[in-house]
>>> print(open('data.csv').read())   # CSV, C-alpha atoms and all ligand atoms
chain,number,residue,atom,x,y,z
A,1,MET,CA,-22.9,63.3,68.8
A,2,ASP,CA,-20.1,65.7,69.6
A,3,PRO,CA,-18.1,66.9,66.5
A,4,HIS,CA,-15.3,68.0,68.8
A,5,THR,CA,-14.5,64.4,69.9
A,6,PRO,CA,-15.5,62.2,67.0
A,7,ASP,CA,-15.3,58.4,67.4
A,8,PRO,CA,-12.7,57.2,64.9
A,9,GLU,CA,-14.5,53.9,64.5
A,10,GLN,CA,-17.9,55.3,63.4
A,11,ASP,CA,-17.8,59.0,62.7
A,12,LEU,CA,-17.3,60.5,59.3
A,13,LEU,CA,-16.8,64.1,58.1
A,14,LEU,CA,-18.8,64.7,54.9
A,15,VAL,CA,-17.7,67.8,53.1
A,16,ILE,CA,-20.3,68.9,50.6
A,17,ASP,CA,-19.4,70.7,47.3
A,18,VAL,CA,-16.7,73.2,48.5
A,19,GLN,CA,-16.0,74.1,44.8
A,20,ASN,CA,-14.9,77.3,43.1
A,21,ASP,CA,-18.3,77.9,41.4
A,22,PHE,CA,-20.0,78.0,44.8
A,23,CYS,CA,-17.5,80.5,46.2
A,24,PRO,CA,-17.4,84.3,45.6
A,25,GLY,CA,-16.5,84.9,41.9
A,26,GLY,CA,-18.0,81.6,40.9
A,27,ALA,CA,-20.9,80.9,38.5
A,28,LEU,CA,-23.3,80.0,41.4
A,29,ALA,CA,-21.6,81.9,44.1
A,30,VAL,CA,-22.9,81.4,47.6
A,31,ALA,CA,-22.5,84.6,49.7
A,32,ASP,CA,-19.4,84.2,51.9
A,33,GLY,CA,-19.1,80.6,50.6
A,34,ASP,CA,-15.3,80.5,51.0
A,35,ALA,CA,-15.7,81.3,54.7
A,36,VAL,CA,-16.3,77.6,55.3
A,37,VAL,CA,-12.8,76.6,54.3
A,38,PRO,CA,-10.9,77.5,57.5
A,39,VAL,CA,-13.7,76.1,59.7
A,40,ILE,CA,-13.6,72.8,57.8
A,41,ALA,CA,-9.8,72.9,58.0
A,42,ALA,CA,-10.0,73.1,61.7
A,43,ALA,CA,-12.5,70.2,61.9
A,44,MET,CA,-10.7,67.8,59.5
A,45,PRO,CA,-7.8,66.7,61.7
A,46,ARG,CA,-10.2,65.5,64.4
A,47,PHE,CA,-11.9,63.0,62.0
A,48,ALA,CA,-10.4,59.6,61.1
A,49,HIS,CA,-12.6,59.5,58.0
A,50,VAL,CA,-13.2,62.4,55.6
A,51,VAL,CA,-15.3,62.1,52.4
A,52,LEU,CA,-15.9,64.9,49.9
A,53,THR,CA,-18.6,65.4,47.3
A,54,GLN,CA,-18.1,67.2,44.0
A,55,ASP,CA,-20.9,68.6,41.9
A,56,TRP,CA,-19.9,67.3,38.5
A,57,HIS,CA,-22.2,68.3,35.6
A,58,PRO,CA,-21.7,67.6,31.9
A,59,ALA,CA,-21.9,70.7,29.7
A,60,GLY,CA,-25.6,71.4,28.7
A,61,HIS,CA,-26.9,69.6,31.9
A,62,ARG,CA,-30.7,69.6,32.1
A,63,SER,CA,-30.6,71.6,35.4
A,64,PHE,CA,-29.0,74.5,33.6
A,65,ALA,CA,-31.4,77.3,32.7
A,66,SER,CA,-29.4,77.7,29.5
A,67,ALA,CA,-30.7,74.2,28.4
A,68,HIS,CA,-34.3,75.6,28.4
A,69,PRO,CA,-34.8,78.4,25.8
A,70,GLY,CA,-36.7,81.4,27.3
A,71,ARG,CA,-36.2,80.3,30.9
A,72,ALA,CA,-34.0,82.1,33.4
A,73,PRO,CA,-31.8,80.9,36.3
A,74,TYR,CA,-33.6,80.4,39.6
A,75,GLU,CA,-37.0,79.7,38.0
A,76,SER,CA,-38.6,76.4,38.6
A,77,ALA,CA,-39.4,73.8,35.9
A,78,ALA,CA,-41.4,70.6,35.7
A,79,PHE,CA,-39.0,67.6,35.3
A,80,PRO,CA,-40.1,64.0,34.9
A,81,TYR,CA,-39.1,63.4,38.6
A,82,GLY,CA,-40.8,66.6,39.9
A,83,GLU,CA,-40.1,70.4,40.2
A,84,GLN,CA,-36.5,71.3,39.6
A,85,THR,CA,-34.9,74.7,40.1
A,86,LEU,CA,-33.0,75.9,37.0
A,87,TRP,CA,-29.5,77.0,37.8
A,88,PRO,CA,-26.8,79.1,36.0
A,89,ASP,CA,-24.3,76.8,34.3
A,90,HIS,CA,-22.0,75.6,37.1
A,91,CYS,CA,-19.5,72.9,38.1
A,92,VAL,CA,-19.0,71.7,34.5
A,93,GLN,CA,-16.8,68.7,34.4
A,94,GLY,CA,-13.1,69.5,33.9
A,95,THR,CA,-13.5,73.3,34.4
A,96,VAL,CA,-11.9,75.4,37.1
A,97,GLY,CA,-15.3,76.1,38.5
A,98,ALA,CA,-15.8,72.4,39.3
A,99,ASP,CA,-12.4,72.2,41.1
A,100,PHE,CA,-12.3,72.2,44.9
A,101,HIS,CA,-11.5,75.5,46.5
A,102,PRO,CA,-7.7,75.7,46.3
A,103,ALA,CA,-7.3,76.1,50.1
A,104,LEU,CA,-9.4,73.0,50.9
A,105,ASP,CA,-7.0,70.3,52.1
A,106,LEU,CA,-7.8,67.1,50.1
A,107,THR,CA,-4.9,65.1,51.6
A,108,ARG,CA,-7.0,63.0,54.0
A,109,ALA,CA,-10.1,62.5,51.8
A,110,GLU,CA,-10.6,58.8,51.5
A,111,LEU,CA,-13.4,59.1,48.9
A,112,VAL,CA,-14.7,61.7,46.5
A,113,ILE,CA,-18.3,61.2,45.5
A,114,ARG,CA,-19.2,62.9,42.2
A,115,LYS,CA,-22.8,63.6,41.6
A,116,GLY,CA,-25.0,65.3,39.0
A,117,PHE,CA,-23.2,63.7,36.1
A,118,ARG,CA,-26.3,62.1,34.5
A,119,PRO,CA,-27.3,64.6,31.8
A,120,ASP,CA,-31.0,64.6,32.7
A,121,ILE,CA,-31.0,64.3,36.5
A,122,ASP,CA,-29.8,66.8,39.0
A,123,SER,CA,-28.3,65.6,42.3
A,124,TYR,CA,-28.3,67.6,45.5
A,125,SER,CA,-27.9,64.8,47.9
A,126,ALA,CA,-24.6,62.8,48.4
A,127,PHE,CA,-26.8,59.7,48.7
A,128,PHE,CA,-29.5,59.9,46.0
A,129,GLU,CA,-30.0,61.9,42.8
A,130,ASN,CA,-33.0,64.2,42.5
A,131,ASP,CA,-35.2,61.4,41.1
A,132,ARG,CA,-34.8,60.2,44.8
A,133,ARG,CA,-34.1,56.6,43.4
A,134,THR,CA,-30.7,56.6,41.8
A,135,PRO,CA,-28.1,55.9,44.5
A,136,THR,CA,-24.6,57.4,44.5
A,137,GLY,CA,-23.2,54.4,46.4
A,138,LEU,CA,-22.3,56.4,49.5
A,139,ALA,CA,-24.7,54.5,51.8
A,140,GLY,CA,-23.2,51.2,50.8
A,141,TYR,CA,-19.7,52.5,51.3
A,142,LEU,CA,-20.5,53.7,54.8
A,143,ARG,CA,-22.2,50.5,55.8
A,144,GLU,CA,-19.4,48.3,54.5
A,145,ARG,CA,-16.9,50.4,56.4
A,146,GLY,CA,-19.0,50.3,59.6
A,147,LEU,CA,-19.4,54.1,59.7
A,148,ARG,CA,-22.7,55.1,61.3
A,149,ARG,CA,-22.5,58.8,62.1
A,150,VAL,CA,-22.2,61.6,59.5
A,151,VAL,CA,-21.1,65.1,60.4
A,152,LEU,CA,-21.8,67.4,57.4
A,153,CYS,CA,-20.4,70.8,56.3
A,154,GLY,CA,-20.0,72.7,53.1
A,155,LEU,CA,-22.2,74.3,50.4
A,156,ALA,CA,-25.0,75.1,50.2
A,157,THR,CA,-26.8,74.6,53.5
A,158,ASP,CA,-30.3,74.7,52.0
A,159,PHE,CA,-29.6,72.5,49.0
A,160,CYS,CA,-26.9,69.9,48.9
A,161,VAL,CA,-26.1,69.9,52.6
A,162,ALA,CA,-29.7,69.6,53.7
A,163,TYR,CA,-30.6,67.0,51.2
A,164,SER,CA,-27.6,65.0,52.1
A,165,ALA,CA,-28.3,65.2,55.9
A,166,ILE,CA,-31.9,64.2,55.5
A,167,ASP,CA,-31.0,61.3,53.2
A,168,ALA,CA,-28.4,60.2,55.8
A,169,ARG,CA,-31.2,59.9,58.4
A,170,ARG,CA,-33.5,58.1,55.9
A,171,GLN,CA,-30.7,55.6,55.3
A,172,GLY,CA,-30.4,55.0,59.1
A,173,PHE,CA,-27.3,57.0,59.9
A,174,GLU,CA,-27.0,59.6,62.6
A,175,ALA,CA,-26.5,63.0,61.1
A,176,ALA,CA,-25.3,66.4,62.4
A,177,VAL,CA,-24.7,69.6,60.5
A,178,MET,CA,-22.0,72.1,61.5
A,179,LEU,CA,-23.9,75.2,60.5
A,180,ASP,CA,-20.9,77.4,61.1
A,181,ALA,CA,-19.1,75.4,58.4
A,182,CYS,CA,-21.9,75.9,55.9
A,183,ARG,CA,-23.4,78.8,53.9
A,184,ALA,CA,-26.7,79.1,52.2
A,185,ILE,CA,-28.1,80.1,48.8
A,186,ASP,CA,-31.5,81.1,50.5
A,187,LEU,CA,-33.8,81.2,47.5
A,188,GLY,CA,-37.3,82.3,48.5
A,189,GLY,CA,-37.1,81.1,52.1
A,190,SER,CA,-35.3,77.9,51.3
A,191,LEU,CA,-32.9,78.2,54.2
A,192,ALA,CA,-35.7,78.3,56.9
A,193,ALA,CA,-37.5,75.5,55.1
A,194,ALA,CA,-34.3,73.4,55.0
A,195,ILE,CA,-33.6,74.0,58.7
A,196,ALA,CA,-37.1,72.9,59.6
A,197,ALA,CA,-36.9,69.9,57.3
A,198,MET,CA,-33.6,68.8,58.9
A,199,ARG,CA,-35.0,69.2,62.4
A,200,GLU,CA,-38.0,67.2,61.4
A,201,ALA,CA,-35.8,64.4,60.0
A,202,GLY,CA,-33.8,64.2,63.3
A,203,VAL,CA,-30.7,65.9,62.0
A,204,VAL,CA,-28.7,67.5,64.9
A,205,LEU,CA,-28.0,71.2,64.1
A,206,LEU,CA,-24.8,72.6,65.6
A,207,ASP,CA,-23.7,76.2,66.0
A,208,GLY,CA,-26.7,78.3,64.8
A,209,PRO,CA,-28.3,78.8,61.4
A,210,ARG,CA,-26.2,80.3,58.7
B,301,LIG,C1,-26.0,72.9,44.6
B,301,LIG,C2,-27.5,73.9,43.3
B,301,LIG,C3,-27.1,73.2,42.2
B,301,LIG,C4,-25.3,72.7,46.0
B,301,LIG,C5,-25.5,72.2,43.5
B,301,LIG,O1,-24.2,72.3,46.1
B,301,LIG,O2,-26.0,73.1,47.0
B,301,LIG,N1,-27.0,73.8,44.5
B,301,LIG,N2,-26.1,72.4,42.3
B,302,ZN,ZN,-25.3,71.5,40.6
>>> encode(input="data.csv", output="structure tokens", more="lines below")
Ligand code: VGL
Ligand code: ZN
Amino acid sequence: MDPHTPDPEQDLLLVIDVQNDFCPGGALAVADGDAVVPVIAAAMPRFAHVVLTQDWHPAGHRSFASAHPGRAPYESAAFPYGEQTLWPDHCVQGTVGADFHPALDLTRAELVIRKGFRPDIDSYSAFFENDRRTPTGLAGYLRERGLRRVVLCGLATDFCVAYSAIDARRQGFEAAVMLDACRAIDLGGSLAAAIAAMREAGVVLLDGPR
């Protein structure tokens, strides 16, 4: 799949979590996170279909370290569905931190998928919550629209982008990640692990690891 000449019938640009809290100055800032905005702006006009995701947590969300007395951000905790990283409070519904980056052009977005709004389940993937069973509805939307190939970009490479790309493959879609339009959190080797897992899942990696 060539992201420079997308097929208007079947290709979709999936823009993951380009929100203020993941950009410099935000609550869960990804280094250089806002650098993805102009790269995404250049890609958007080429795609007939653009879908955005928005991390959208209620205050006091279970993935926040602040919901676990004595625990600190970036530690891991045992949740009913498995190990879960604890995060600083971020992307709280209705706050400026949860807003899209102000320079991200939303005009042509045909769908915004919000995720992580169930108080007890985190959601990295645009397709499934972290229990790996609760769907967001995106796969059904793509199938019903006849869209088969997902080109991903956004934040963060090693969490929401990677989970989304791998789930796209699991759901039977082709998937490619524009790495120059992504930035990573890179927690304890998570970027290298995510790159390896994406390769293993058959995700096409474009433009070198970032
Ligand atoms: C993300 C951690 C927590 C992401 C969202 O967008 O990659 N990471 N919530
Ligand atoms: Zn989150």
>>> residues_near_ligand(input="data.csv", ligand="ligand LIG 301 (chain B)", cutoff="8 Å", atoms="all atoms listed in the file", output="list in words")
Ile16, Asp17, Val18, Phe22, Leu28, Asp55, Ser63, Trp87, His90, Cys91, Gly116, Asp122, Ser123, Tyr124, Leu155, Ala156, Thr157, Asp158, Phe159, Cys160, Val161, Ala184 and Ile185 of chain A
>>> residues_around(input="data.csv", residues="Gln10 (chain A)", least_positions_apart="4", cutoff="7 Å", atoms="only C-alpha atoms", output="list in words")
Gly146, Leu147, Arg148 and Arg149 of chain A
>>> closest_residue(input="data.csv", among="A:Val203, A:Leu187, A:Leu152, A:Ala72", to="Val36 (chain A)", atoms="only C-alpha atoms")
A:Leu152
>>> closest_residue(input="data.csv", among="A:Arg118, A:His4, A:His49, A:Arg71", to="ligand ZN 302 (chain B)", atoms="all atoms listed in the file")
A:Arg118
>>> residues_around(input="data.csv", residues="Asp34 (chain A)", least_positions_apart="4", cutoff="10 Å", atoms="all atoms listed in the file", output="list in words")
Val18, Gln19, Asn20, Phe22, Cys23, Pro24, Ala29, Val30, Pro38, Val39, His101, Ala103, Leu104, Gly154, Leu155, Ala181, Cys182 and Arg183 of chain A
>>> atom_distance(input="data.csv", atom1="CA of Leu206 (chain A)", atom2="CA of Met178 (chain A)")
5.0 Å
>>> residues_around(input="data.csv", residues="Pro6 (chain A)", least_positions_apart="3", cutoff="12 Å", atoms="all atoms listed in the file", output="NGL selection string")
:A and (1-3 or 9-13 or 43-50 or 147-151 or 176)
>>> write_last_selection(input="data.csv", atoms="C-alpha atoms", output="compact mmCIF listing (two decimals), in the frame of the given file")
# COMPACT_ATOMS: atom_id res chain seq x y z
CA MET A 1 -22.90 63.30 68.80
CA ASP A 2 -20.10 65.70 69.60
CA PRO A 3 -18.10 66.90 66.50
CA GLU A 9 -14.50 53.90 64.50
CA GLN A 10 -17.90 55.30 63.40
CA ASP A 11 -17.80 59.00 62.70
CA LEU A 12 -17.30 60.50 59.30
CA LEU A 13 -16.80 64.10 58.10
CA ALA A 43 -12.50 70.20 61.90
CA MET A 44 -10.70 67.80 59.50
CA PRO A 45 -7.80 66.70 61.70
CA ARG A 46 -10.20 65.50 64.40
CA PHE A 47 -11.90 63.00 62.00
CA ALA A 48 -10.40 59.60 61.10
CA HIS A 49 -12.60 59.50 58.00
CA VAL A 50 -13.20 62.40 55.60
CA LEU A 147 -19.40 54.10 59.70
CA ARG A 148 -22.70 55.10 61.30
CA ARG A 149 -22.50 58.80 62.10
CA VAL A 150 -22.20 61.60 59.50
CA VAL A 151 -21.10 65.10 60.40
CA ALA A 176 -25.30 66.40 62.40
>>> closest_residue(input="data.csv", among="A:Thr85, A:Thr95, A:Ser76, A:Thr5", to="ligand ZN 302 (chain B)", atoms="all atoms listed in the file")
A:Thr85
>>> closest_residue(input="data.csv", among="A:Glu129, A:Glu110, A:Glu75, A:Glu144", to="ligand ZN 302 (chain B)", atoms="only C-alpha atoms and all ligand atoms")
A:Glu129
>>> atom_distance(input="data.csv", atom1="CA of Ser164 (chain A)", atom2="CA of Gly60 (chain A)")
24.3 Å
>>> atom_distance(input="data.csv", atom1="CA of Ala193 (chain A)", atom2="CA of Ala65 (chain A)")
23.3 Å
>>> closest_residue(input="data.csv", among="A:Arg62, A:Gln54, A:Asp167, A:Asp180", to="Val37 (chain A)", atoms="only C-alpha atoms")
A:Asp180
>>> decode(input="data.csv", residues="region 126-170 of chain A", atoms="C-alpha atoms", output="compact mmCIF listing (two decimals), in the first residue's frame")
# COMPACT_ATOMS: atom_id res chain seq x y z
CA ALA A 126 -9.10 2.33 18.11
CA PHE A 127 -10.81 -1.07 17.69
CA PHE A 128 -10.94 -2.71 21.15
CA GLU A 129 -10.63 -1.59 24.74
CA ASN A 130 -7.79 -3.02 26.86
CA ASP A 131 -9.94 -5.93 28.02
CA ARG A 132 -9.45 -6.95 24.33
CA ARG A 133 -13.17 -7.76 24.08
CA THR A 134 -15.13 -4.53 24.17
CA PRO A 135 -15.33 -3.17 20.60
CA THR A 136 -15.41 0.52 19.71
CA GLY A 137 -17.46 -0.12 16.57
CA LEU A 138 -14.71 1.00 14.17
CA ALA A 139 -14.32 -2.41 12.49
CA GLY A 140 -18.04 -2.51 11.73
CA TYR A 141 -17.93 1.03 10.37
CA LEU A 142 -15.05 0.20 8.04
CA ARG A 143 -16.67 -3.00 6.82
CA GLU A 144 -20.01 -1.35 6.17
CA ARG A 145 -18.27 1.42 4.24
CA GLY A 146 -16.15 -1.06 2.21
CA LEU A 147 -12.89 0.37 3.56
CA ARG A 148 -10.16 -2.25 3.68
CA ARG A 149 -6.82 -0.52 4.18
CA VAL A 150 -5.91 1.58 7.21
CA VAL A 151 -3.00 4.05 7.18
CA LEU A 152 -2.20 5.13 10.73
CA CYS A 153 -0.47 8.15 12.23
CA GLY A 154 -0.49 10.08 15.52
CA LEU A 155 0.34 9.49 19.19
CA ALA A 156 1.79 7.51 20.69
CA THR A 157 3.62 5.10 18.35
CA ASP A 158 4.21 2.47 21.04
CA PHE A 159 0.76 2.53 22.66
CA CYS A 160 -2.35 3.69 20.85
CA VAL A 161 -0.90 3.64 17.31
CA ALA A 162 0.65 0.17 17.67
CA TYR A 163 -2.39 -1.37 19.39
CA SER A 164 -4.65 0.08 16.71
CA ALA A 165 -2.48 -1.14 13.84
CA ILE A 166 -2.21 -4.66 15.26
CA ASP A 167 -5.95 -4.83 15.90
CA ALA A 168 -6.58 -3.64 12.33
CA ARG A 169 -4.62 -6.66 11.11
CA ARG A 170 -6.48 -8.97 13.50
